[in-house]
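With PDB, C-alpha atoms, pLDDT in the B column inside, this is start22.pdb:
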ATOM      1  CA  MET A  28      -4.198  22.912 -28.607  1.00 77.00           C
ATOM      2  CA  LYS A  29      -4.931  19.172 -28.693  1.00 78.00           C
ATOM      3  CA  LYS A  30      -2.200  18.579 -31.282  1.00 86.00           C
ATOM      4  CA  TRP A  31       0.277  20.586 -29.182  1.00 84.00           C
ATOM      5  CA  LEU A  32      -0.446  18.441 -26.108  1.00 77.00           C
ATOM      6  CA  GLN A  33      -0.112  15.255 -28.140  1.00 79.00           C
ATOM      7  CA  ASN A  34       3.260  16.419 -29.461  1.00 82.00           C
ATOM      8  CA  LEU A  35       4.372  17.315 -25.929  1.00 78.00           C
ATOM      9  CA  MET A  36       3.573  13.835 -24.609  1.00 77.00           C
ATOM     10  CA  VAL A  37       5.282  11.880 -27.425  1.00 81.00           C
ATOM     11  CA  GLY A  38       7.992   9.707 -25.883  1.00 83.00           C
ATOM     12  CA  ARG A  39       6.957  10.533 -22.323  1.00 86.00           C
ATOM     13  CA  TYR A  40       5.697   8.163 -19.648  1.00 88.00           C
ATOM     14  CA  GLY A  41       2.248   9.626 -18.963  1.00 86.00           C
ATOM     15  CA  SER A  42      -0.020   8.927 -16.013  1.00 87.00           C
ATOM     16  CA  ASP A  43      -0.448   5.691 -14.090  1.00 92.00           C
ATOM     17  CA  GLU A  44      -1.825   4.522 -10.736  1.00 95.00           C
ATOM     18  CA  LEU A  45       1.022   6.037  -8.718  1.00 95.00           C
ATOM     19  CA  SER A  46       0.685   9.389 -10.475  1.00 95.00           C
ATOM     20  CA  PHE A  47      -3.048   9.405  -9.836  1.00 96.00           C
ATOM     21  CA  THR A  48      -2.481   8.570  -6.161  1.00 95.00           C
ATOM     22  CA  LEU A  49       0.081  11.371  -5.873  1.00 96.00           C
ATOM     23  CA  LEU A  50      -2.377  13.843  -7.397  1.00 96.00           C
ATOM     24  CA  MET A  51      -5.110  12.776  -4.952  1.00 96.00           C
ATOM     25  CA  LEU A  52      -2.644  13.011  -2.063  1.00 96.00           C
ATOM     26  CA  TYR A  53      -1.722  16.498  -3.247  1.00 96.00           C
ATOM     27  CA  LEU A  54      -5.367  17.574  -3.197  1.00 96.00           C
ATOM     28  CA  GLY A  55      -5.881  16.216   0.315  1.00 95.00           C
ATOM     29  CA  VAL A  56      -2.709  17.734   1.767  1.00 96.00           C
ATOM     30  CA  CYS A  57      -3.295  21.040  -0.014  1.00 93.00           C
ATOM     31  CA  MET A  58      -6.875  21.375   1.236  1.00 94.00           C
ATOM     32  CA  PHE A  59      -5.872  20.473   4.779  1.00 95.00           C
ATOM     33  CA  ALA A  60      -2.926  22.918   4.674  1.00 93.00           C
ATOM     34  CA  ILE A  61      -5.111  25.756   3.405  1.00 91.00           C
ATOM     35  CA  PHE A  62      -7.813  25.262   6.028  1.00 92.00           C
ATOM     36  CA  ALA A  63      -5.340  24.658   8.861  1.00 92.00           C
ATOM     37  CA  GLY A  64      -3.056  27.490   7.720  1.00 88.00           C
ATOM     38  CA  ILE A  65       0.117  25.399   8.012  1.00 90.00           C
ATOM     39  CA  ARG A  66       2.797  26.680   5.623  1.00 91.00           C
ATOM     40  CA  ILE A  67       5.039  23.612   5.829  1.00 93.00           C
ATOM     41  CA  LEU A  68       2.186  21.396   4.590  1.00 93.00           C
ATOM     42  CA  GLN A  69       1.680  23.741   1.646  1.00 91.00           C
ATOM     43  CA  LEU A  70       5.338  23.243   0.754  1.00 93.00           C
ATOM     44  CA  LEU A  71       4.912  19.476   1.127  1.00 95.00           C
ATOM     45  CA  ALA A  72       1.904  19.629  -1.216  1.00 94.00           C
ATOM     46  CA  LEU A  73       3.977  21.578  -3.730  1.00 94.00           C
ATOM     47  CA  GLY A  74       6.675  18.887  -3.569  1.00 96.00           C
ATOM     48  CA  ILE A  75       4.085  16.153  -4.134  1.00 96.00           C
ATOM     49  CA  ILE A  76       2.595  17.828  -7.209  1.00 96.00           C
ATOM     50  CA  LEU A  77       6.029  18.553  -8.666  1.00 96.00           C
ATOM     51  CA  TYR A  78       7.043  14.908  -8.258  1.00 96.00           C
ATOM     52  CA  ALA A  79       3.765  13.759  -9.850  1.00 95.00           C
ATOM     53  CA  PHE A  80       4.332  15.986 -12.891  1.00 93.00           C
ATOM     54  CA  TYR A  81       7.981  14.901 -13.061  1.00 94.00           C
ATOM     55  CA  ARG A  82       6.811  11.274 -13.290  1.00 94.00           C
ATOM     56  CA  ILE A  83       4.152  12.081 -15.902  1.00 92.00           C
ATOM     57  CA  LEU A  84       6.540  14.062 -18.127  1.00 91.00           C
ATOM     58  CA  SER A  85       9.536  11.761 -17.658  1.00 93.00           C
ATOM     59  CA  ARG A  86      11.227  10.147 -20.655  1.00 92.00           C
ATOM     60  CA  ASN A  87      12.810   7.411 -18.511  1.00 94.00           C
ATOM     61  CA  ILE A  88       9.957   4.954 -19.043  1.00 92.00           C
ATOM     62  CA  PRO A  89      11.577   1.797 -17.543  1.00 94.00           C
ATOM     63  CA  ALA A  90      12.319   3.594 -14.257  1.00 94.00           C
ATOM     64  CA  ARG A  91       8.752   4.945 -13.981  1.00 94.00           C
ATOM     65  CA  GLN A  92       7.325   1.493 -14.789  1.00 95.00           C
ATOM     66  CA  ALA A  93       9.483  -0.042 -12.050  1.00 96.00           C
ATOM     67  CA  GLU A  94       8.253   2.577  -9.545  1.00 95.00           C
ATOM     68  CA  ASN A  95       4.634   1.897 -10.475  1.00 95.00           C
ATOM     69  CA  ALA A  96       5.146  -1.886 -10.257  1.00 95.00           C
ATOM     70  CA  ALA A  97       6.649  -1.529  -6.767  1.00 96.00           C
ATOM     71  CA  TYR A  98       3.684   0.635  -5.726  1.00 95.00           C
ATOM     72  CA  LEU A  99       1.195  -1.929  -7.067  1.00 94.00           C
ATOM     73  CA  ARG A 100       3.025  -4.774  -5.241  1.00 93.00           C
ATOM     74  CA  PHE A 101       2.798  -2.737  -2.035  1.00 93.00           C
ATOM     75  CA  LEU A 102      -0.940  -2.228  -2.535  1.00 91.00           C
ATOM     76  CA  SER A 103      -1.542  -5.918  -3.261  1.00 91.00           C
ATOM     77  CA  ARG A 104       0.285  -6.945  -0.064  1.00 88.00           C
ATOM     78  CA  ILE A 105      -1.827  -4.553   1.990  1.00 89.00           C
ATOM     79  CA  GLY A 106      -5.020  -5.847   0.353  1.00 86.00           C
ATOM     80  CA  ALA A 107      -4.065  -9.501   0.849  1.00 86.00           C
ATOM     81  CA  ASN A 108      -3.238  -8.925   4.514  1.00 82.00           C
ATOM     82  CA  SER A 109      -6.519  -7.141   5.209  1.00 87.00           C
ATOM     83  CA  ARG A 110      -8.536  -9.847   3.421  1.00 86.00           C
ATOM     84  CA  ALA A 111      -6.766 -12.564   5.430  1.00 84.00           C
ATOM     85  CA  ARG A 112      -7.423 -10.728   8.721  1.00 84.00           C
ATOM     86  CA  LYS A 113     -11.094 -10.328   7.813  1.00 87.00           C
ATOM     87  CA  ALA A 114     -11.395 -14.051   6.994  1.00 85.00           C
ATOM     88  CA  ARG A 115      -9.770 -14.965  10.323  1.00 83.00           C
ATOM     89  CA  ARG A 116     -12.199 -12.707  12.229  1.00 83.00           C
ATOM     90  CA  GLN A 117     -15.178 -14.365  10.544  1.00 86.00           C
ATOM     91  CA  ASP A 118     -13.944 -17.922  11.216  1.00 85.00           C
ATOM     92  CA  LYS A 119     -15.760 -18.951  14.399  1.00 87.00           C
ATOM     93  CA  ALA A 120     -14.576 -22.578  14.346  1.00 88.00           C
ATOM     94  CA  HIS A 121     -10.884 -21.829  14.830  1.00 90.00           C
ATOM     95  CA  ARG A 122      -8.525 -19.719  16.953  1.00 88.00           C
ATOM     96  CA  TYR A 123      -5.533 -18.060  15.339  1.00 89.00           C
ATOM     97  CA  TYR A 124      -2.189 -17.499  17.020  1.00 89.00           C
ATOM     98  CA  ARG A 125       1.045 -16.004  15.770  1.00 87.00           C
ATOM     99  CA  CYS A 126       4.320 -17.841  16.337  1.00 88.00           C
ATOM    100  CA  LYS A 127       6.595 -15.661  18.475  1.00 88.00           C
ATOM    101  CA  HIS A 128       9.697 -17.068  16.841  1.00 85.00           C
ATOM    102  CA  CYS A 129       8.992 -16.775  13.086  1.00 86.00           C
ATOM    103  CA  GLY A 130       5.678 -14.842  12.901  1.00 85.00           C
ATOM    104  CA  ALA A 131       3.699 -17.574  11.117  1.00 86.00           C
ATOM    105  CA  VAL A 132      -0.077 -17.651  11.660  1.00 87.00           C
ATOM    106  CA  LEU A 133      -1.211 -20.880  13.330  1.00 88.00           C
ATOM    107  CA  ARG A 134      -4.814 -22.142  13.172  1.00 87.00           C
ATOM    108  CA  VAL A 135      -6.212 -24.334  15.971  1.00 89.00           C
ATOM    109  CA  PRO A 136      -9.786 -25.678  16.391  1.00 88.00           C
ATOM    110  CA  ARG A 137     -11.789 -23.969  19.151  1.00 88.00           C
ATOM    111  CA  GLY A 138     -13.054 -25.726  22.253  1.00 85.00           C
ATOM    112  CA  ILE A 139     -10.253 -28.262  22.771  1.00 85.00           C
ATOM    113  CA  GLY A 140      -8.891 -26.663  25.933  1.00 86.00           C
ATOM    114  CA  LYS A 141      -5.192 -26.234  26.624  1.00 90.00           C
ATOM    115  CA  VAL A 142      -3.152 -27.482  23.685  1.00 88.00           C
ATOM    116  CA  GLU A 143       0.501 -27.520  22.662  1.00 90.00           C
ATOM    117  CA  ILE A 144       0.931 -26.150  19.147  1.00 88.00           C
ATOM    118  CA  THR A 145       4.014 -26.876  17.056  1.00 89.00           C
ATOM    119  CA  CYS A 146       4.800 -24.284  14.401  1.00 88.00           C
ATOM    120  CA  PRO A 147       5.147 -26.058  11.035  1.00 87.00           C
ATOM    121  CA  LYS A 148       7.554 -23.411   9.801  1.00 87.00           C
ATOM    122  CA  CYS A 149      10.175 -23.279  12.553  1.00 86.00           C
ATOM    123  CA  GLY A 150       9.229 -26.129  14.935  1.00 87.00           C
ATOM    124  CA  GLU A 151       8.723 -23.805  17.943  1.00 88.00           C
ATOM    125  CA  LYS A 152       6.238 -25.158  20.526  1.00 89.00           C
ATOM    126  CA  LEU A 153       3.520 -22.933  22.008  1.00 86.00           C
ATOM    127  CA  THR A 154       1.039 -23.807  24.755  1.00 87.00           C
ATOM    128  CA  LYS A 155      -2.268 -22.003  24.296  1.00 85.00           C
ATOM    129  CA  LYS A 156      -5.865 -22.291  25.453  1.00 85.00           C
ATOM    130  CA  THR A 157      -8.411 -22.705  22.662  1.00 81.00           C
TER     131      THR A 157
END
Once you've parsed the file, please lay out its structure as C-alpha coordinates.
Amino acid sequence: MKKWLQNLMVGRYGSDELSFTLLMLYLGVCMFAIFAGIRILQLLALGIILYAFYRILSRNIPARQAENAAYLRFLSRIGANSRARKARRQDKAHRYYRCKHCGAVLRVPRGIGKVEITCPKCGEKLTKKT
(Lines of atoms letter the chains of each structure in order from A and count residues from 1; the text may use other names and numbers.)
(Lines give C-alpha, C1' and ligand atoms only; values in the text may rest on other atoms or scores of the structure.)
Protein backbone atom coordinates (compact mmCIF):
# COMPACT_ATOMS: atom_id res chain seq x y z
CA MET A 1 0.00 0.00 0.00
CA LYS A 2 2.81 2.41 0.91
CA LYS A 3 4.67 1.65 -2.32
CA TRP A 4 1.47 2.19 -4.34
CA LEU A 5 0.96 5.63 -2.77
CA GLN A 6 4.58 6.56 -3.39
CA ASN A 7 4.24 5.56 -7.05
CA LEU A 8 1.01 7.56 -7.33
CA MET A 9 2.67 10.73 -6.03
CA VAL A 10 5.79 10.56 -8.25
CA GLY A 11 5.91 13.70 -10.38
CA ARG A 12 2.99 15.32 -8.57
CA TYR A 13 2.98 18.54 -6.57
CA GLY A 14 1.91 17.25 -3.15
CA SER A 15 0.65 19.27 -0.20
CA ASP A 16 1.67 22.76 0.87
CA GLU A 17 0.35 25.57 3.08
CA LEU A 18 -2.49 26.47 0.71
CA SER A 19 -3.61 22.85 0.42
CA PHE A 20 -3.58 22.49 4.19
CA THR A 21 -5.61 25.69 4.57
CA LEU A 22 -8.13 24.46 1.99
CA LEU A 23 -8.51 21.17 3.86
CA MET A 24 -9.09 23.00 7.16
CA LEU A 25 -11.58 25.32 5.45
CA TYR A 26 -13.35 22.26 4.07
CA LEU A 27 -13.68 20.77 7.55
CA GLY A 28 -15.09 24.00 8.97
CA VAL A 29 -17.58 24.59 6.15
CA CYS A 30 -18.61 20.94 6.10
CA MET A 31 -19.26 20.79 9.85
CA PHE A 32 -21.20 24.05 9.78
CA ALA A 33 -23.24 22.88 6.75
CA ILE A 34 -24.09 19.56 8.40
CA PHE A 35 -25.21 21.12 11.67
CA ALA A 36 -27.07 23.99 9.99
CA GLY A 37 -28.58 21.71 7.34
CA ILE A 38 -27.70 24.05 4.46
CA ARG A 39 -27.30 22.09 1.21
CA ILE A 40 -25.56 24.86 -0.73
CA LEU A 41 -22.76 24.97 1.87
CA GLN A 42 -22.32 21.22 1.51
CA LEU A 43 -21.81 21.73 -2.21
CA LEU A 44 -19.35 24.54 -1.49
CA ALA A 45 -17.44 22.21 0.85
CA LEU A 46 -17.35 19.57 -1.87
CA GLY A 47 -15.90 22.14 -4.29
CA ILE A 48 -13.24 23.13 -1.75
CA ILE A 49 -12.10 19.55 -1.15
CA LEU A 50 -12.05 18.77 -4.87
CA TYR A 51 -9.88 21.82 -5.54
CA ALA A 52 -7.54 20.86 -2.67
CA PHE A 53 -7.08 17.35 -4.09
CA TYR A 54 -6.66 18.76 -7.60
CA ARG A 55 -3.78 20.91 -6.30
CA ILE A 56 -2.20 18.01 -4.40
CA LEU A 57 -2.37 15.61 -7.37
CA SER A 58 -1.45 18.17 -10.02
CA ARG A 59 1.56 17.63 -12.28
CA ASN A 60 1.81 21.34 -13.14
CA ILE A 61 4.29 22.10 -10.36
CA PRO A 62 5.28 25.68 -11.38
CA ALA A 63 1.63 26.81 -11.42
CA ARG A 64 0.94 25.30 -7.98
CA GLN A 65 4.13 26.87 -6.58
CA ALA A 66 3.04 30.27 -7.93
CA GLU A 67 -0.39 29.87 -6.29
CA ASN A 68 1.20 28.95 -2.97
CA ALA A 69 3.66 31.86 -3.19
CA ALA A 70 0.80 34.30 -3.83
CA TYR A 71 -1.08 32.86 -0.83
CA LEU A 72 1.99 33.23 1.41
CA ARG A 73 2.51 36.86 0.24
CA PHE A 74 -1.13 37.55 1.11
CA LEU A 75 -0.67 36.07 4.58
CA SER A 76 2.53 38.04 5.21
CA ARG A 77 0.81 41.32 4.27
CA ILE A 78 -2.04 40.59 6.67
CA GLY A 79 0.42 39.71 9.44
CA ALA A 80 2.55 42.82 8.85
CA ASN A 81 -0.51 45.08 8.90
CA SER A 82 -1.83 43.60 12.14
CA ARG A 83 1.58 43.86 13.82
CA ALA A 84 1.89 47.51 12.75
CA ARG A 85 -1.61 48.32 14.07
CA LYS A 86 -0.79 46.65 17.39
CA ALA A 87 2.46 48.64 17.70
CA ARG A 88 0.59 51.89 16.98
CA ARG A 89 -2.02 51.09 19.66
CA GLN A 90 0.70 50.48 22.24
CA ASP A 91 2.60 53.69 21.41
CA LYS A 92 1.36 56.20 24.00
CA ALA A 93 3.81 58.96 23.05
CA HIS A 94 2.47 59.54 19.54
CA ARG A 95 -0.80 60.00 17.64
CA TYR A 96 -1.24 58.37 14.26
CA TYR A 97 -3.23 59.82 11.39
CA ARG A 98 -3.84 58.61 7.87
CA CYS A 99 -3.35 60.97 4.94
CA LYS A 100 -6.67 61.38 3.12
CA HIS A 101 -4.94 61.91 -0.20
CA CYS A 102 -2.45 59.00 -0.43
CA GLY A 103 -3.27 56.82 2.62
CA ALA A 104 0.16 57.11 4.27
CA VAL A 105 0.32 56.73 8.07
CA LEU A 106 1.60 59.90 9.76
CA ARG A 107 3.06 59.92 13.28
CA VAL A 108 2.86 63.06 15.44
CA PRO A 109 3.98 63.54 19.08
CA ARG A 110 1.11 63.79 21.58
CA GLY A 111 0.37 66.87 23.66
CA ILE A 112 1.45 69.59 21.22
CA GLY A 113 -2.05 70.90 20.56
CA LYS A 114 -3.31 71.85 17.12
CA VAL A 115 -0.65 71.16 14.51
CA GLU A 116 -0.38 71.27 10.73
CA ILE A 117 1.03 68.00 9.39
CA THR A 118 2.60 67.74 5.94
CA CYS A 119 2.50 64.29 4.39
CA PRO A 120 6.04 63.32 3.35
CA LYS A 121 4.71 61.13 0.57
CA CYS A 122 2.37 63.46 -1.32
CA GLY A 123 2.87 66.88 0.33
CA GLU A 124 -0.80 67.18 1.41
CA LYS A 125 -1.31 69.36 4.52
CA LEU A 126 -3.57 68.24 7.38
CA THR A 127 -4.54 70.19 10.49
CA LYS A 128 -5.07 67.91 13.48
CA LYS A 129 -5.21 68.14 17.26
CA THR A 130 -2.65 66.00 19.08
| message | With all atoms listed in the file as the counted atoms, please give the residues lying no more than 9 Å from Tyr40 of chain A, apart from itself and same-chain residues fewer than 6 positions off, as a VMD selection string. | response | chain A and resid 82 to 89 91 to 92
Using only C-alpha atoms, please write the residues we just selected to a file, as a JSON list (two decimals), in the coordinates of the input.
[["chain", "number", "residue", "atom", "x", "y", "z"],
["A", 82, "ARG", "CA", 6.81, 11.27, -13.29],
["A", 83, "ILE", "CA", 4.15, 12.08, -15.90],
["A", 84, "LEU", "CA", 6.54, 14.06, -18.13],
["A", 85, "SER", "CA", 9.54, 11.76, -17.66],
["A", 86, "ARG", "CA", 11.23, 10.15, -20.66],
["A", 87, "ASN", "CA", 12.81, 7.41, -18.51],
["A", 88, "ILE", "CA", 9.96, 4.95, -19.04],
["A", 89, "PRO", "CA", 11.58, 1.80, -17.54],
["A", 91, "ARG", "CA", 8.75, 4.94, -13.98],
["A", 92, "GLN", "CA", 7.32, 1.49, -14.79]]
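This file, queried with the PyMOL selection byres ((chain A and resi 110-121) around 10), gives the residues Arg104, Ile105, Gly106, Ala107, Asn108, Ser109, Arg122, Tyr123, Tyr124, Leu133, Arg134, Val135, Pro136, Arg137, Gly138 and Thr157 of chain A.
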| message | When you look at segment 46-61 of chain A with a cut-off of 9 Å (counting only C-alpha atoms), what residues show up, excluding the ones that are within fewer than 6 positions of it in the same chain? I need them as a list of chain:residue names. | response |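 After dropping sequence-adjacent residues, the list is A:Ile67, A:Leu68, A:Gln69, A:Leu70, A:Leu71, A:Ala72, A:Leu73, A:Gly74, A:Ile75, A:Ile76, A:Tyr78, A:Ala79, A:Phe80, A:Arg82, A:Ile83, A:Asn95.
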Draw an axis-aligned box over all listed atoms of segment 88-99 of chain A, pad each side with 4 Å, and write its centre and edge lengths in Å, one decimal, as JSON.
{"center_x": 6.8, "center_y": 1.5, "center_z": -12.4, "size_x": 19.1, "size_y": 14.9, "size_z": 21.3}
| said: Could you check the closest approach to Glu44 of chain A for each of A:Ala96, A:Val142, A:Cys149, A:Ala131 and tell me which residue wins, using all atoms listed in the file? | reply: A:Ala96
| query | What is the atom CA of Gly140 of chain A-atom CA of Leu153 of chain A distance in Å, reported with one decimal? | reply |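 These two atoms are separated by 13.5 Å.
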| message | Between atom CA of Gly38 of chain A and atom CA of Leu102 of chain A, what distance in Å does the model show, to one decimal? | response |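 So the answer is 27.7 Å.
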All heavy atoms are needed for segment 39-50 of chain A; please write them out as a CSV table (one decimal), in the frame of the given file.
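As written to disk, out.csv reads:
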chain,number,residue,atom,x,y,z
A,39,ARG,N,7.0,10.3,-23.8
A,39,ARG,CA,7.0,10.5,-22.3
A,39,ARG,C,6.1,9.4,-21.7
A,39,ARG,O,5.4,8.7,-22.3
A,39,ARG,CB,6.4,11.9,-22.0
A,39,ARG,CG,7.2,13.0,-22.7
A,39,ARG,CD,7.0,14.3,-22.0
A,39,ARG,NE,7.7,15.4,-22.7
A,39,ARG,CZ,8.9,15.9,-22.3
A,39,ARG,NH1,9.5,15.4,-21.3
A,39,ARG,NH2,9.4,16.8,-23.0
A,40,TYR,N,6.3,9.3,-20.4
A,40,TYR,CA,5.7,8.2,-19.6
A,40,TYR,C,4.2,8.3,-19.5
A,40,TYR,O,3.4,7.4,-19.8
A,40,TYR,CB,6.3,8.0,-18.3
A,40,TYR,CG,5.8,6.8,-17.5
A,40,TYR,CD1,5.9,5.6,-17.9
A,40,TYR,CD2,5.1,7.0,-16.3
A,40,TYR,CE1,5.4,4.5,-17.3
A,40,TYR,CE2,4.6,6.0,-15.6
A,40,TYR,CZ,4.8,4.7,-16.1
A,40,TYR,OH,4.2,3.6,-15.4
A,41,GLY,N,3.7,9.4,-19.1
A,41,GLY,CA,2.2,9.6,-19.0
A,41,GLY,C,1.8,9.3,-17.6
A,41,GLY,O,2.6,9.1,-16.7
A,42,SER,N,0.5,9.2,-17.4
A,42,SER,CA,0.0,8.9,-16.0
A,42,SER,C,-0.2,7.4,-15.8
A,42,SER,O,-0.4,6.7,-16.7
A,42,SER,CB,-1.3,9.7,-15.8
A,42,SER,OG,-2.3,9.2,-16.7
A,43,ASP,N,-0.2,7.1,-14.5
A,43,ASP,CA,-0.4,5.7,-14.1
A,43,ASP,C,-1.1,5.7,-12.7
A,43,ASP,O,-1.5,6.8,-12.2
A,43,ASP,CB,0.8,4.9,-14.1
A,43,ASP,CG,1.9,5.4,-13.2
A,43,ASP,OD1,1.7,6.4,-12.5
A,43,ASP,OD2,3.0,4.9,-13.2
A,44,GLU,N,-1.2,4.6,-12.0
A,44,GLU,CA,-1.8,4.5,-10.7
A,44,GLU,C,-1.1,5.3,-9.7
A,44,GLU,O,-1.7,6.0,-8.9
A,44,GLU,CB,-1.9,3.1,-10.3
A,44,GLU,CG,-2.9,2.2,-11.1
A,44,GLU,CD,-2.3,1.7,-12.3
A,44,GLU,OE1,-1.1,1.9,-12.6
A,44,GLU,OE2,-3.1,1.1,-13.1
A,45,LEU,N,0.2,5.3,-9.7
A,45,LEU,CA,1.0,6.0,-8.7
A,45,LEU,C,0.9,7.5,-8.9
A,45,LEU,O,0.7,8.3,-8.0
A,45,LEU,CB,2.5,5.6,-8.8
A,45,LEU,CG,3.5,6.4,-7.8
A,45,LEU,CD1,3.0,6.2,-6.4
A,45,LEU,CD2,4.8,5.8,-8.0
A,46,SER,N,0.9,8.0,-10.2
A,46,SER,CA,0.7,9.4,-10.5
A,46,SER,C,-0.7,9.9,-10.0
A,46,SER,O,-0.8,10.9,-9.4
A,46,SER,CB,0.8,9.7,-12.0
A,46,SER,OG,2.1,9.3,-12.4
A,47,PHE,N,-1.7,9.1,-10.3
A,47,PHE,CA,-3.0,9.4,-9.8
A,47,PHE,C,-3.1,9.5,-8.3
A,47,PHE,O,-3.7,10.4,-7.8
A,47,PHE,CB,-4.0,8.4,-10.4
A,47,PHE,CG,-5.5,8.7,-10.0
A,47,PHE,CD1,-6.2,9.7,-10.7
A,47,PHE,CD2,-6.1,8.0,-9.0
A,47,PHE,CE1,-7.5,10.0,-10.4
A,47,PHE,CE2,-7.4,8.3,-8.7
A,47,PHE,CZ,-8.1,9.3,-9.4
A,48,THR,N,-2.5,8.6,-7.6
A,48,THR,CA,-2.5,8.6,-6.2
A,48,THR,C,-1.8,9.8,-5.6
A,48,THR,O,-2.2,10.4,-4.7
A,48,THR,CB,-1.8,7.3,-5.6
A,48,THR,OG1,-2.5,6.2,-6.1
A,48,THR,CG2,-1.8,7.3,-4.1
A,49,LEU,N,-0.6,10.2,-6.3
A,49,LEU,CA,0.1,11.4,-5.9
A,49,LEU,C,-0.8,12.6,-6.1
A,49,LEU,O,-0.8,13.5,-5.2
A,49,LEU,CB,1.4,11.5,-6.7
A,49,LEU,CG,2.5,10.5,-6.3
A,49,LEU,CD1,3.6,10.6,-7.3
A,49,LEU,CD2,3.0,10.8,-4.9
A,50,LEU,N,-1.5,12.7,-7.2
A,50,LEU,CA,-2.4,13.8,-7.4
A,50,LEU,C,-3.5,13.9,-6.4
A,50,LEU,O,-3.8,15.0,-5.9
A,50,LEU,CB,-3.0,13.8,-8.8
A,50,LEU,CG,-1.9,14.0,-9.9
A,50,LEU,CD1,-2.6,13.8,-11.3
A,50,LEU,CD2,-1.3,15.4,-9.9
